[in-house]
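The next block holds one structure in the form of structure tokens; read it before the comments.
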Amino acid sequence: MTEPAEATPRSDVPVFDADSHMYETAGALTDHLPDRYRRAVQYVQIGRHTRVAINGRITDFIPNPTFERVAAPGAHEKFFAGANTEGLTLREMQGPAIAAPAATRNPADRIAELDRQGVRETLNYPTLASLVEHSAADDPQLTLAIVHAINEWMLEHWTYAYQDRIYSTPILNCAEVDGARRELEYILANGAKVALIKPAPVKGIHGWRSPALPEFDPFWRDVAAAGLPIVLHASQPPLDDYINRWEPPATSNFMAMSAFRWLALGHREISDMIGSLICHGTLTRFPALRIASVENGSSWIGPLFHDLASLTHKMPQNFPEDPLEVFRRNIWVSPFWEGSVADVVATVGWDRVMFGSDYPHPEGLPEPKSYWKYAEHMDARRVWDFMGDNARRFMGLSIANPDPAAQQPPAALQPTAP
């Protein structure tokens with residue numbers, strides 16, 4: 001990896017962090033579950049470790065699902081920066097666990113932390129919830145019940161738009177179209193400004209399906225009518241069964257995954273999800289949808305653009321619109337902090353790339369503004385767009401840049417052909 005390029009911090013930029021997280025309490029999965037599902041979700045003790053069991057299936061995707069002790073924010077920075085010269089495992093690298101920061105548990109303390117960090121607004125995602133839809137997929141009704149329970153808990157503990165600075169993201173699951181529409185109605189009625197969807201197929205009454213197939217159009221029509229932006233955030237990958245055919249099943253805990261599992265997982269699920277939204281026509285039938293990829297990196301964009309461009313020449317009848325322009329119209333991307341922002345901007349567009357720190361996770365940055373260590377040279381205009389205003393564009397909020405010219409793309413930041 002090349003040394004981080006020098007960049008000049010801008011203290012006057014009103015930062016919008018498009019990737020931050022809460023640490024849920026144990027009751028997030030259970031406090032609001034209907035009685036008939038009470039035994040379907042349990043916390044179990046295995047030796048010294050607590051695990052979540054859903055329908056009797058234990059998952060270790062989240063090493064400590066109670067979050068009483070957690071890795072320090074940014075503890076894995078050397079690993080993700082490609083600077084692990086000592087060959088340490090993630091567990092060795094992170095050092096002693098700490099108590100979960102108060103800012104991860106409630107909105108009042110998070111506001112104080114945002115002020116300290118110099119961050120004006122943030123998207124705030126659940127952490128524990130990332131294992132639910134994978135573990136409960138074989139029971140669509142249970143999945144919908146747990147998702148609703150989490151959304152109730154989130155509303156109770158965080159609200160969905162706290163002081164118009166913390167935008168917490170309730171979950172929508174599409175396993176059942178009518179169920180997804182009911183959940184959408186619930187979160188909108190309670191003030192949701194953004195929602196979260198797992199980038200993966202869903203299992204409903206017709207088996208496994210892409211949620212971008214026309215049968216899901218009633219749901220997407222409701223989303224478009226509401227003007228609700230949707231985040232596709234990295235979650236427990238749906239490819240375990242496939243990878244287990246290549247090597248013996250071991251663990252889904254990312255801190256103990258083999259090198260091959262890291263390689264094979266890659267970010268295939270986000271590429272397939274957005275490819276499905278384009279190829280199955282959802283984004284053409286509903287061109288006003290705003291979709292963001294968060295914590296999925298950006299290395300998948302180049303290959304996806306290449307494949308879509310190739311398919312357009314081979315199967316033009318399948319693409320009523322240029323699929324690359326559909327991507328640029330409908331998709332926002334928050335690249336990993338260790339990636340190249342300039343490359344993503346040049347591919348997808350000046351107004352479609354958002355800053356995200358992944359605070360307080362160990363794979364994130366210890367301080368959001370420490371992003372500057374990894375930033376390539378950015379002119380003043382790019383700083384405003386990337387560090388804040390592009391996330392506001394995604395959210396449908398007013399941009400902060402006082403320059404009227406900020407409404408128009410700077411000539412140097414036009415997207416290029418793949």
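The way I read the labels, and the way they are meant: chains A, B, ... in the order of the structure tokens, residue 1 as the first residue of every chain, and ligand 1 as the first ligand shown, with later ones counted on from there.
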For Ala103 in chain A: contacts at 8 Å, only C-alpha atoms, fewer than 5 positions along chain excluded, given as a list in words: Met22, Ala108, Asp109, Arg110, Ile111, Ala112 and Glu113 of chain A
Strand (DSSP E) call set, DSSP backbone run, range 152-211 of chain A, as number ranges by chain: A: 166-168, 195-197, 202-204, 207-209
Write the residues you've just listed into a file as a PDB file, in the first residue's frame, and include C-alpha atoms for each of them.
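Saved result, out-v1.pdb, follows:
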ATOM      1  CA  ILE A 166     -28.829  11.560  14.368  1.00  0.00           C
ATOM      2  CA  TYR A 167     -30.738   9.697  11.678  1.00  0.00           C
ATOM      3  CA  SER A 168     -31.205   6.168  12.976  1.00  0.00           C
ATOM      4  CA  ALA A 195     -34.282   2.963   6.192  1.00  0.00           C
ATOM      5  CA  LEU A 196     -31.989  -0.028   6.006  1.00  0.00           C
ATOM      6  CA  ILE A 197     -32.275  -3.045   3.694  1.00  0.00           C
ATOM      7  CA  VAL A 202     -34.955 -12.849   0.674  1.00  0.00           C
ATOM      8  CA  LYS A 203     -36.830 -16.050   1.425  1.00  0.00           C
ATOM      9  CA  GLY A 204     -40.598 -15.810   1.218  1.00  0.00           C
ATOM     10  CA  GLY A 207     -38.551 -19.432  -1.946  1.00  0.00           C
ATOM     11  CA  TRP A 208     -35.414 -17.353  -2.385  1.00  0.00           C
ATOM     12  CA  ARG A 209     -35.946 -14.279  -4.550  1.00  0.00           C
TER      13      ARG A 209
END
DSSP alpha helix (DSSP H) selection over range 280-352 of chain A, as a PyMOL selection string: chain A and resi 282-285+301-314+323-330+341-348
Within 10 Å of Glu77 in chain A using only C-alpha atoms, minus same-chain residues under 2 positions, as number ranges by chain: A: 73-75, 79-84, 90, 93-94, 337-338, 362-366
Can you write just those residues out, C-alpha atoms, as a short mmCIF file (atom, residue, chain, number, x, y, z; two decimals), in the first residue's frame?
data_model
loop_
_atom_site.label_atom_id
_atom_site.label_comp_id
_atom_site.auth_asym_id
_atom_site.auth_seq_id
_atom_site.Cartn_x
_atom_site.Cartn_y
_atom_site.Cartn_z
CA PRO A 73 -12.98 2.37 18.04
CA GLY A 74 -10.44 1.98 15.25
CA ALA A 75 -8.58 -0.88 16.94
CA PHE A 79 -5.22 -4.26 9.34
CA PHE A 80 -7.53 -2.35 7.04
CA ALA A 81 -4.84 0.18 6.14
CA GLY A 82 -2.64 -2.70 4.95
CA ALA A 83 -0.05 -1.84 7.58
CA ASN A 84 -0.12 -5.11 9.56
CA LEU A 90 -7.50 -9.03 14.47
CA MET A 93 -4.34 -6.26 17.20
CA GLN A 94 -7.31 -4.87 19.08
CA TRP A 337 -11.85 5.04 4.42
CA GLU A 338 -8.74 3.25 3.15
CA PRO A 362 -12.88 -1.52 15.46
CA GLU A 363 -12.64 -1.63 11.65
CA GLY A 364 -13.56 2.04 11.46
CA LEU A 365 -11.61 5.17 12.28
CA PRO A 366 -10.89 6.08 15.91
#
Range 230-232 of chain A environment, 12 Å, only C-alpha atoms, sequence neighbours closer than 4 positions dropped, as a PyMOL selection string: chain A and resi 18-19+123-125+130+167-173+184+192-200+220+223-224+226+269-274+277+288-297+330-334+391+394-396
Produce a file of the selected residues containing N, CA and C atoms, as a short mmCIF file (atom, residue, chain, number, x, y, z; two decimals), in the first residue's frame.
data_model
loop_
_atom_site.label_atom_id
_atom_site.label_comp_id
_atom_site.auth_asym_id
_atom_site.auth_seq_id
_atom_site.Cartn_x
_atom_site.Cartn_y
_atom_site.Cartn_z
N ALA A 18 -21.75 9.41 7.12
CA ALA A 18 -22.77 8.52 6.57
C ALA A 18 -22.65 7.09 7.07
N ASP A 19 -21.74 6.84 8.01
CA ASP A 19 -21.57 5.47 8.51
C ASP A 19 -21.14 5.49 9.97
N LEU A 123 -25.63 9.23 9.99
CA LEU A 123 -26.52 8.08 9.86
C LEU A 123 -26.08 7.06 10.90
N ASN A 124 -27.04 6.51 11.64
CA ASN A 124 -26.76 5.69 12.81
C ASN A 124 -27.40 4.31 12.61
N TYR A 125 -26.56 3.31 12.36
CA TYR A 125 -27.06 1.98 12.03
C TYR A 125 -27.01 1.04 13.23
N SER A 130 -27.46 -6.92 12.39
CA SER A 130 -26.88 -7.41 11.14
C SER A 130 -26.89 -8.92 11.03
N TYR A 167 -29.71 10.36 12.48
CA TYR A 167 -30.74 9.70 11.68
C TYR A 167 -30.55 8.19 11.82
N SER A 168 -31.28 7.61 12.77
CA SER A 168 -31.20 6.17 12.98
C SER A 168 -32.03 5.45 11.91
N THR A 169 -31.61 4.24 11.58
CA THR A 169 -32.14 3.56 10.40
C THR A 169 -32.94 2.33 10.76
N PRO A 170 -34.25 2.43 10.82
CA PRO A 170 -35.06 1.22 11.00
C PRO A 170 -34.89 0.30 9.81
N ILE A 171 -35.23 -0.97 10.01
CA ILE A 171 -34.97 -2.02 9.03
C ILE A 171 -36.25 -2.36 8.27
N LEU A 172 -36.09 -2.62 6.98
CA LEU A 172 -37.18 -3.14 6.16
C LEU A 172 -36.74 -4.48 5.58
N ASN A 173 -37.57 -5.49 5.75
CA ASN A 173 -37.29 -6.81 5.19
C ASN A 173 -38.37 -7.16 4.19
N LEU A 184 -42.99 -0.45 6.45
CA LEU A 184 -42.71 0.87 5.88
C LEU A 184 -43.72 1.90 6.39
N ALA A 192 -39.44 8.20 10.43
CA ALA A 192 -38.22 7.72 9.79
C ALA A 192 -37.85 8.59 8.60
N LYS A 193 -36.59 8.93 8.50
CA LYS A 193 -36.07 9.73 7.37
C LYS A 193 -35.22 8.90 6.42
N VAL A 194 -34.90 7.65 6.81
CA VAL A 194 -34.06 6.76 6.02
C VAL A 194 -34.30 5.36 6.57
N ALA A 195 -34.09 4.34 5.74
CA ALA A 195 -34.28 2.96 6.19
C ALA A 195 -33.18 2.09 5.67
N LEU A 196 -33.07 0.91 6.27
CA LEU A 196 -31.99 -0.03 6.01
C LEU A 196 -32.55 -1.31 5.40
N ILE A 197 -31.92 -1.77 4.31
CA ILE A 197 -32.28 -3.05 3.69
C ILE A 197 -31.01 -3.86 3.50
N LYS A 198 -31.07 -5.13 3.85
CA LYS A 198 -29.92 -6.02 3.69
C LYS A 198 -29.70 -6.31 2.21
N PRO A 199 -28.46 -6.15 1.72
CA PRO A 199 -28.19 -6.44 0.31
C PRO A 199 -28.07 -7.95 0.08
N ALA A 200 -29.21 -8.58 -0.12
CA ALA A 200 -29.24 -10.04 -0.26
C ALA A 200 -30.61 -10.46 -0.76
N TRP A 220 -41.70 -1.11 -3.55
CA TRP A 220 -40.83 -0.06 -4.06
C TRP A 220 -41.63 1.17 -4.49
N VAL A 223 -42.09 3.10 -1.37
CA VAL A 223 -40.84 3.76 -0.98
C VAL A 223 -40.62 5.01 -1.82
N ALA A 224 -40.82 4.86 -3.13
CA ALA A 224 -40.62 6.00 -4.04
C ALA A 224 -41.61 7.12 -3.74
N ALA A 226 -42.95 7.84 -0.95
CA ALA A 226 -42.58 8.48 0.32
C ALA A 226 -41.30 9.29 0.20
N GLU A 269 -22.08 -9.60 -2.46
CA GLU A 269 -23.51 -9.39 -2.20
C GLU A 269 -23.97 -8.01 -2.62
N ILE A 270 -23.14 -6.96 -2.41
CA ILE A 270 -23.58 -5.62 -2.80
C ILE A 270 -23.58 -5.47 -4.31
N SER A 271 -22.61 -6.05 -4.99
CA SER A 271 -22.58 -6.01 -6.44
C SER A 271 -23.80 -6.72 -7.02
N ASP A 272 -24.14 -7.87 -6.47
CA ASP A 272 -25.31 -8.61 -6.96
C ASP A 272 -26.61 -7.86 -6.66
N MET A 273 -26.68 -7.23 -5.49
CA MET A 273 -27.91 -6.51 -5.12
C MET A 273 -28.14 -5.32 -6.06
N ILE A 274 -27.11 -4.53 -6.28
CA ILE A 274 -27.29 -3.38 -7.15
C ILE A 274 -27.43 -3.83 -8.60
N LEU A 277 -31.04 -4.69 -8.90
CA LEU A 277 -31.90 -3.50 -8.97
C LEU A 277 -31.88 -2.89 -10.36
N ALA A 288 -36.96 7.59 -9.28
CA ALA A 288 -36.71 8.56 -8.20
C ALA A 288 -36.12 7.92 -6.96
N LEU A 289 -35.96 6.59 -6.93
CA LEU A 289 -35.39 5.93 -5.75
C LEU A 289 -33.98 6.42 -5.49
N ARG A 290 -33.66 6.59 -4.20
CA ARG A 290 -32.30 6.93 -3.78
C ARG A 290 -31.76 5.77 -2.95
N ILE A 291 -30.69 5.14 -3.45
CA ILE A 291 -30.13 3.94 -2.82
C ILE A 291 -28.66 4.22 -2.51
N ALA A 292 -28.22 3.88 -1.30
CA ALA A 292 -26.82 4.07 -0.94
C ALA A 292 -26.19 2.75 -0.53
N SER A 293 -24.97 2.54 -0.97
CA SER A 293 -24.15 1.42 -0.51
C SER A 293 -23.21 1.94 0.56
N VAL A 294 -23.29 1.34 1.76
CA VAL A 294 -22.47 1.81 2.88
C VAL A 294 -21.72 0.62 3.49
N GLU A 295 -20.46 0.83 3.76
CA GLU A 295 -19.56 -0.16 4.35
C GLU A 295 -19.43 -1.41 3.48
N ASN A 296 -19.55 -1.22 2.18
CA ASN A 296 -19.32 -2.31 1.24
C ASN A 296 -18.09 -2.05 0.38
N GLY A 297 -17.33 -1.02 0.70
CA GLY A 297 -16.18 -0.69 -0.10
C GLY A 297 -16.56 -0.15 -1.47
N ASN A 330 -29.14 6.80 -9.50
CA ASN A 330 -29.86 6.27 -8.35
C ASN A 330 -28.98 5.84 -7.18
N ILE A 331 -27.69 5.65 -7.38
CA ILE A 331 -26.85 5.02 -6.37
C ILE A 331 -25.83 6.01 -5.80
N TRP A 332 -25.76 6.06 -4.47
CA TRP A 332 -24.70 6.75 -3.75
C TRP A 332 -23.77 5.69 -3.16
N VAL A 333 -22.51 6.04 -2.95
CA VAL A 333 -21.53 5.09 -2.41
C VAL A 333 -20.74 5.75 -1.30
N SER A 334 -20.61 5.04 -0.18
CA SER A 334 -19.69 5.45 0.87
C SER A 334 -18.54 4.45 0.86
N ALA A 391 -24.01 13.45 1.32
CA ALA A 391 -24.92 12.72 2.20
C ALA A 391 -26.22 13.49 2.38
N PHE A 394 -28.26 12.84 -0.63
CA PHE A 394 -28.89 11.52 -0.52
C PHE A 394 -30.12 11.56 0.38
N MET A 395 -30.01 12.28 1.49
CA MET A 395 -31.10 12.34 2.45
C MET A 395 -32.21 13.29 2.04
N GLY A 396 -32.00 14.08 1.00
CA GLY A 396 -33.00 15.06 0.60
C GLY A 396 -33.00 16.29 1.47
#
